[in-house]
Number of protein chains: 2
Amino acid sequence: MKPTFADRINDVPRSFLREILKVAISDDVISFAGGLPNRALFPAEAVRAAASAVLGDDAGSALQYGSLEGYAPLREWIAARYRRRGVDVDAADVLVTTGSQQGLDLLGKVLLNEGDAVAIEQPGYLGAIQAFSIYRPQFAGVPLTENGADAGALQSVLESRRPRLFYTVPTFQNPSGVSYDEACRREVAEVIGASNTWLIEDDPYHELRFSGAPATSFASLAPEHTVMLGSFSKIVAPSLRVGWLVARGELMDKLVVAKQATDLHTSEVTQRIVLRYLADNDLDAHIELIRERYGAQCRAMLDALARHFPADCRYTEPQGGMFLWLTLDGVSSMALFDRAIEHGVAFVPGLPFYTGAPEENTLRLNFSCADIDTIDTGIARLAESLRALAA
Amino acid sequence: MKPTFADRINDVPRSFLREILKVAISDDVISFAGGLPNRALFPAEAVRAAASAVLGDDAGSALQYGSLEGYAPLREWIAARYRRRGVDVDAADVLVTTGSQQGLDLLGKVLLNEGDAVAIEQPGYLGAIQAFSIYRPQFAGVPLTENGADAGALQSVLESRRPRLFYTVPTFQNPSGVSYDEACRREVAEVIGASNTWLIEDDPYHELRFSGAPATSFASLAPEHTVMLGSFSKIVAPSLRVGWLVARGELMDKLVVAKQATDLHTSEVTQRIVLRYLADNDLDAHIELIRERYGAQCRAMLDALARHFPADCRYTEPQGGMFLWLTLDGVSSMALFDRAIEHGVAFVPGLPFYTGAPEENTLRLNFSCADIDTIDTGIARLAESLRALAA
């Protein structure tokens, strides 16, 4: 047997994070490399009670094969949550997915022919780059400014490359922490509205705002073009693998066909656990705890950067989410990484977040998991690594 | 916006079962159309206790993002279960999947270029036809005899079409209930062994044997060529969506890349619930209950067929699993379907299980869900529909 493989699988970037994190996992290393929600905030006892209730009454239905589109009352809950913030969503528009990563895979299946252009922020979310790469598109980068995607650059990409979709994380972006401001959203919606390109609004961090005011969803600004992705991973718990996708009409029909071929349906047990948790608990109060914690940790990281780092380093100042983005002055973050590990601190270099020419002097820092003292120590170590590299 | 879609999604057969079952769902209709395990046999209370334990101790880990390849102790359990029946599997060879349907999607991603040939039994498992169709292969049918795949026909397909893979459900096949006998397995293994084709041994019903003796797995007969798929759906509960795939070497490396792009990982919560259930309960005793029930129901269906049906109808006599296959004498099962619904009984016509020219006089009957009296009534109704059609 001489094994051969499909061409597509050779195009998917190896998980840089996975390789890099193998190195970084050690008790001596303070890690800002992860992308995990803080486990101390998981509502474990409430989820346990929800599981017990779901597997108590009507356990036969909870354990049987479920509905392709998702558990109907959960789809209704998700739609109602959107309506509460003024976004017009009906339960029939909601497809429950096995984490929102699966939403990306389904969109790739349904929208991308080999060689189609895909517009994506630079830097952009690595999981989306991986998911779409399976379908062999040509990526077209759209630079991110501190106020959101560069709408002029997006317009020229739309005109010259006619991408099938523009993928964006407009609120507390992974990796940068940048949020599109209202003006940027309106500009982007206008250029998208004049195109035949889908806008994929991936919005897993929306509820994790600790400062500033929410901006308008693309689903309201460009409703015909927008597909929304969401997830319970950051507000309840990631391991339940319950996310969703909001789409309409023929697109939804095609996504349902793809969903069936992909995994039949998302676990009915975990969907029912989520819904029962939501019914029996005050989600808003729980999210408030997360916001407070992440906000305090983000401020601690910004303070530590101001205190320990040279003035020629720039960094984003997120209003929510889990990440910020550091731009060094003429220093390679890959070179810094090796030094940083020696000094007992880890981060993710900017490189894997670019589909085009990378800005090699950039890096991502996660602030959701470390406590305030650890953050200060870790940032001090990072500053020391930078000095050691310069010496 | 004038939405356009990827070519591949237009190639996937619409779910015939889904459409057909919409019609069939009514309290007055006895359904032999489903493919569900019997919900009365789900170990609900034990699963509830397992969930409570998992979400009690170390809930932080159970709820956090988990390992890409699956929960290590569960992979070890799966490998040990194979070794117990003499199949050489190491925990490192096991990739946990979101149901075994996802295993099919991952194999499509990793193995199939557009236009590659895929050999598949005729009739064959509909979920596999759907999963592989996403990757736009050319299907090459291999006729199924009552002893398994026709090895001569397989050999000529291997020579003339050089398929990338041969997909088989060799034990209690869905849809036919046929099992490959030992001689057939050895012939198939020999022709596969001389080829450069993967053999996908999808084996979800293996444990559900109520008569006869187990035959040798292709993993033992053609180890270099065989990928095994398995699932807890039929022996614990389907909604947990925990299945697995057994592969080695470079193929496993590629599958892991595809898994990450597809859904990051399978729910750590449901994996841990399964393992805890397995640790705290006697799985073999539980499976024995399922075997007894399905065996009794299968015998009741065979008895009813012998009693109510004309002698020119042929049917398989399964030694396990959930299905049997009926071949009518010159009658279209699609025509019979409409009559049967009028008479209050449903089944799945053979048509959707063929990738080539269908044998339109065939149909699938499920015996896992209905009790013995209902089976007798349903088969009597089906015989009456057949007489009505002939009249």
# chains A, B, ... in the order shown; residues from 1 in each chain; ligands from 1
call {"tool": "interface_residues", "arguments": {"of": "chain A", "to": "chain B", "cutoff": "6 Å", "atoms": "only C-alpha atoms", "output": "ChimeraX atom specification"}}
result
/A:1,5-6,9,39,44,48,52,55,59-60,63-65,101-102,105,110-113,130-131,196,237-241,261-263,267-269
call {"tool": "closest_atom_pairs", "arguments": {"of": "stretch 38-128 of chain B", "to": "stretch 165-176 of chain B", "cutoff": "6 Å", "atoms": "only C-alpha atoms", "output": "tab-separated table"}}
result
residue	atom	partner	partner_atom	distance
B:Val118	CA	B:Leu165	CA	5.4
B:Ala119	CA	B:Phe166	CA	4.5
B:Ile120	CA	B:Tyr167	CA	5.0
B:Tyr125	CA	B:Asn174	CA	5.6
call {"tool": "closest_residue", "arguments": {"among": "A:Gly378, A:Pro73, A:Gly148, A:Gly115", "to": "A:Met301", "atoms": "only C-alpha atoms"}}
result
A:Gly378
call {"tool": "residues_around", "arguments": {"residues": "stretch 285-295 of chain B", "least_positions_apart": "2", "cutoff": "7 Å", "atoms": "only C-alpha atoms", "output": "list in words"}}
result
Leu41, Leu208, Arg209, Phe210, Ile235, Asp282, Leu283, Gln297, Cys298, Arg299, Gly320, Phe367 and Ser368 of chain B
call {"tool": "select_by_dssp", "arguments": {"residues": "stretch 8-242 of chain A", "states": "helix (DSSP H, G or I)", "output": "number ranges by chain"}}
result
A: 8-11, 16-24, 39-41, 44-54, 59-63, 72-84, 91-93, 100-111, 126-133, 151-161, 182-193, 218-221, 238-240
call {"tool": "select_by_dssp", "arguments": {"residues": "stretch 217-390 of chain B", "states": "strand (DSSP E)", "output": "list in words"}}
result
Thr226, Val227, Met228, Leu229, Gly230, Ser231, Gly243, Trp244, Leu245, Val246, Arg314, Tyr315, Phe323, Leu324, Trp325, Leu326, Thr327, Val345, Ala346, Val348, Pro349, Thr362, Leu363, Arg364, Leu365 and Asn366 of chain B
call {"tool": "residues_around", "arguments": {"residues": "B:Asn361", "least_positions_apart": "5", "cutoff": "6 Å", "atoms": "only C-alpha atoms", "output": "list in words"}}
result
Thr327, Leu328, Val331, Ser332 and Ser333 of chain B
call {"tool": "residues_around", "arguments": {"residues": "B:Ala306", "least_positions_apart": "3", "cutoff": "12 Å", "atoms": "only C-alpha atoms", "output": "list in words"}}
result
Arg299, Ala300, Met301, Leu302, Asp303, Phe309, Pro310, Ala311, Asp312, Cys313, Arg314, Tyr315, Thr316, Glu317, Leu326, Asp376, Ile379, Ala380 and Ala383 of chain B
call {"tool": "write_last_selection", "arguments": {"atoms": "C-alpha atoms", "output": "compact mmCIF listing (two decimals), in the first residue's frame"}}
result
# COMPACT_ATOMS: atom_id res chain seq x y z
CA ARG B 299 -37.59 -13.31 14.46
CA ALA B 300 -41.09 -11.88 14.81
CA MET B 301 -40.63 -9.97 11.56
CA LEU B 302 -39.30 -13.05 9.75
CA ASP B 303 -42.21 -15.12 11.08
CA PHE B 309 -46.18 -12.66 2.30
CA PRO B 310 -46.33 -14.53 -1.01
CA ALA B 311 -43.62 -17.12 -1.56
CA ASP B 312 -42.10 -15.17 -4.45
CA CYS B 313 -40.88 -12.42 -2.10
CA ARG B 314 -37.34 -12.95 -0.85
CA TYR B 315 -35.79 -11.44 2.26
CA THR B 316 -32.51 -11.54 4.11
CA GLU B 317 -32.26 -13.28 7.48
CA LEU B 326 -37.06 -7.43 1.11
CA ASP B 376 -47.01 -8.58 13.13
CA ILE B 379 -46.21 -6.78 8.20
CA ALA B 380 -49.81 -7.88 7.71
CA ALA B 383 -48.78 -7.72 2.69
call {"tool": "closest_residue", "arguments": {"among": "A:Ala183, A:Ala346, A:Met252, A:Thr355", "to": "A:Asp27", "atoms": "only C-alpha atoms"}}
result
A:Ala346
call {"tool": "residues_around", "arguments": {"residues": "A:Ala72", "least_positions_apart": "6", "cutoff": "10 Å", "atoms": "only C-alpha atoms", "output": "list in words"}}
result
Ala91, Ala92, Val94, Leu95, Val96, Gln271 and Arg272 of chain A
call {"tool": "write_last_selection", "arguments": {"atoms": "N, CA and C atoms", "output": "PDB file, in the first residue's frame"}}
result
ATOM      1  N   ALA A  91     -36.615  31.671  14.507  1.00  0.00           N
ATOM      2  CA  ALA A  91     -36.069  30.353  14.859  1.00  0.00           C
ATOM      3  C   ALA A  91     -35.711  29.527  13.616  1.00  0.00           C
ATOM      4  N   ALA A  92     -36.494  29.694  12.558  1.00  0.00           N
ATOM      5  CA  ALA A  92     -36.247  28.918  11.331  1.00  0.00           C
ATOM      6  C   ALA A  92     -34.932  29.319  10.648  1.00  0.00           C
ATOM      7  N   VAL A  94     -32.146  29.677  12.265  1.00  0.00           N
ATOM      8  CA  VAL A  94     -31.039  29.228  13.117  1.00  0.00           C
ATOM      9  C   VAL A  94     -30.725  27.753  12.849  1.00  0.00           C
ATOM     10  N   LEU A  95     -29.482  27.474  12.516  1.00  0.00           N
ATOM     11  CA  LEU A  95     -29.002  26.095  12.391  1.00  0.00           C
ATOM     12  C   LEU A  95     -28.014  25.857  13.532  1.00  0.00           C
ATOM     13  N   VAL A  96     -28.317  24.897  14.394  1.00  0.00           N
ATOM     14  CA  VAL A  96     -27.386  24.597  15.486  1.00  0.00           C
ATOM     15  C   VAL A  96     -26.203  23.808  14.920  1.00  0.00           C
ATOM     16  N   GLN A 271     -27.330  20.078  23.620  1.00  0.00           N
ATOM     17  CA  GLN A 271     -28.256  21.174  23.306  1.00  0.00           C
ATOM     18  C   GLN A 271     -29.299  21.333  24.400  1.00  0.00           C
ATOM     19  N   ARG A 272     -29.829  20.214  24.866  1.00  0.00           N
ATOM     20  CA  ARG A 272     -30.858  20.297  25.911  1.00  0.00           C
ATOM     21  C   ARG A 272     -30.268  20.751  27.237  1.00  0.00           C
TER      22      ARG A 272
END
call {"tool": "decode", "arguments": {"residues": "stretch 222-246 of chain B", "atoms": "N, CA and C atoms", "output": "tab-separated table (two decimals), in the first residue's frame"}}
result
chain	number	residue	atom	x	y	z
B	222	ALA	N	-6.58	-7.40	6.37
B	222	ALA	CA	-5.88	-6.48	5.44
B	222	ALA	C	-5.48	-5.23	6.23
B	223	PRO	N	-4.61	-5.43	7.23
B	223	PRO	CA	-4.34	-4.35	8.19
B	223	PRO	C	-3.78	-3.08	7.55
B	224	GLU	N	-3.00	-3.23	6.51
B	224	GLU	CA	-2.39	-2.04	5.91
B	224	GLU	C	-3.41	-1.19	5.18
B	225	HIS	N	-4.50	-1.80	4.77
B	225	HIS	CA	-5.49	-1.13	3.92
B	225	HIS	C	-6.72	-0.64	4.68
B	226	THR	N	-6.90	-1.16	5.90
B	226	THR	CA	-8.20	-0.99	6.56
B	226	THR	C	-8.25	0.19	7.51
B	227	VAL	N	-9.32	0.98	7.37
B	227	VAL	CA	-9.69	2.01	8.34
B	227	VAL	C	-10.99	1.53	8.96
B	228	MET	N	-11.08	1.51	10.28
B	228	MET	CA	-12.32	1.08	10.93
B	228	MET	C	-13.07	2.29	11.49
B	229	LEU	N	-14.39	2.22	11.38
B	229	LEU	CA	-15.25	3.22	12.01
B	229	LEU	C	-16.13	2.51	13.04
B	230	GLY	N	-16.34	3.17	14.16
B	230	GLY	CA	-17.20	2.61	15.18
B	230	GLY	C	-17.97	3.70	15.89
B	231	SER	N	-18.87	3.31	16.78
B	231	SER	CA	-19.79	4.28	17.38
B	231	SER	C	-20.40	3.75	18.66
B	232	PHE	N	-20.68	4.66	19.58
B	232	PHE	CA	-21.46	4.30	20.77
B	232	PHE	C	-22.96	4.49	20.55
B	233	SER	N	-23.33	4.93	19.35
B	233	SER	CA	-24.74	5.27	19.11
B	233	SER	C	-25.67	4.08	19.29
B	234	LYS	N	-25.25	2.89	18.88
B	234	LYS	CA	-26.14	1.75	18.92
B	234	LYS	C	-26.00	0.94	20.21
B	235	ILE	N	-24.94	1.18	20.98
B	235	ILE	CA	-24.77	0.39	22.21
B	235	ILE	C	-24.94	1.21	23.48
B	236	VAL	N	-24.82	2.55	23.38
B	236	VAL	CA	-25.13	3.39	24.54
B	236	VAL	C	-26.28	4.32	24.14
B	237	ALA	N	-25.97	5.42	23.41
B	237	ALA	CA	-27.06	6.30	22.95
B	237	ALA	C	-26.55	7.21	21.84
B	238	PRO	N	-27.36	7.40	20.79
B	238	PRO	CA	-26.90	8.15	19.62
B	238	PRO	C	-26.69	9.64	19.86
B	239	SER	N	-27.52	10.23	20.72
B	239	SER	CA	-27.47	11.68	20.87
B	239	SER	C	-26.18	12.16	21.51
B	240	LEU	N	-25.42	11.27	22.12
B	240	LEU	CA	-24.14	11.69	22.67
B	240	LEU	C	-23.18	12.08	21.56
B	241	ARG	N	-23.42	11.57	20.34
B	241	ARG	CA	-22.58	11.84	19.18
B	241	ARG	C	-21.11	11.53	19.47
B	242	VAL	N	-20.85	10.32	19.92
B	242	VAL	CA	-19.47	9.88	20.13
B	242	VAL	C	-19.23	8.64	19.29
B	243	GLY	N	-18.40	8.81	18.29
B	243	GLY	CA	-17.96	7.70	17.45
B	243	GLY	C	-16.45	7.71	17.39
B	244	TRP	N	-15.88	6.87	16.54
B	244	TRP	CA	-14.44	6.85	16.40
B	244	TRP	C	-14.02	6.29	15.06
B	245	LEU	N	-12.74	6.46	14.81
B	245	LEU	CA	-12.12	6.04	13.57
B	245	LEU	C	-10.77	5.46	13.98
B	246	VAL	N	-10.39	4.34	13.37
B	246	VAL	CA	-9.10	3.73	13.68
B	246	VAL	C	-8.24	3.78	12.42
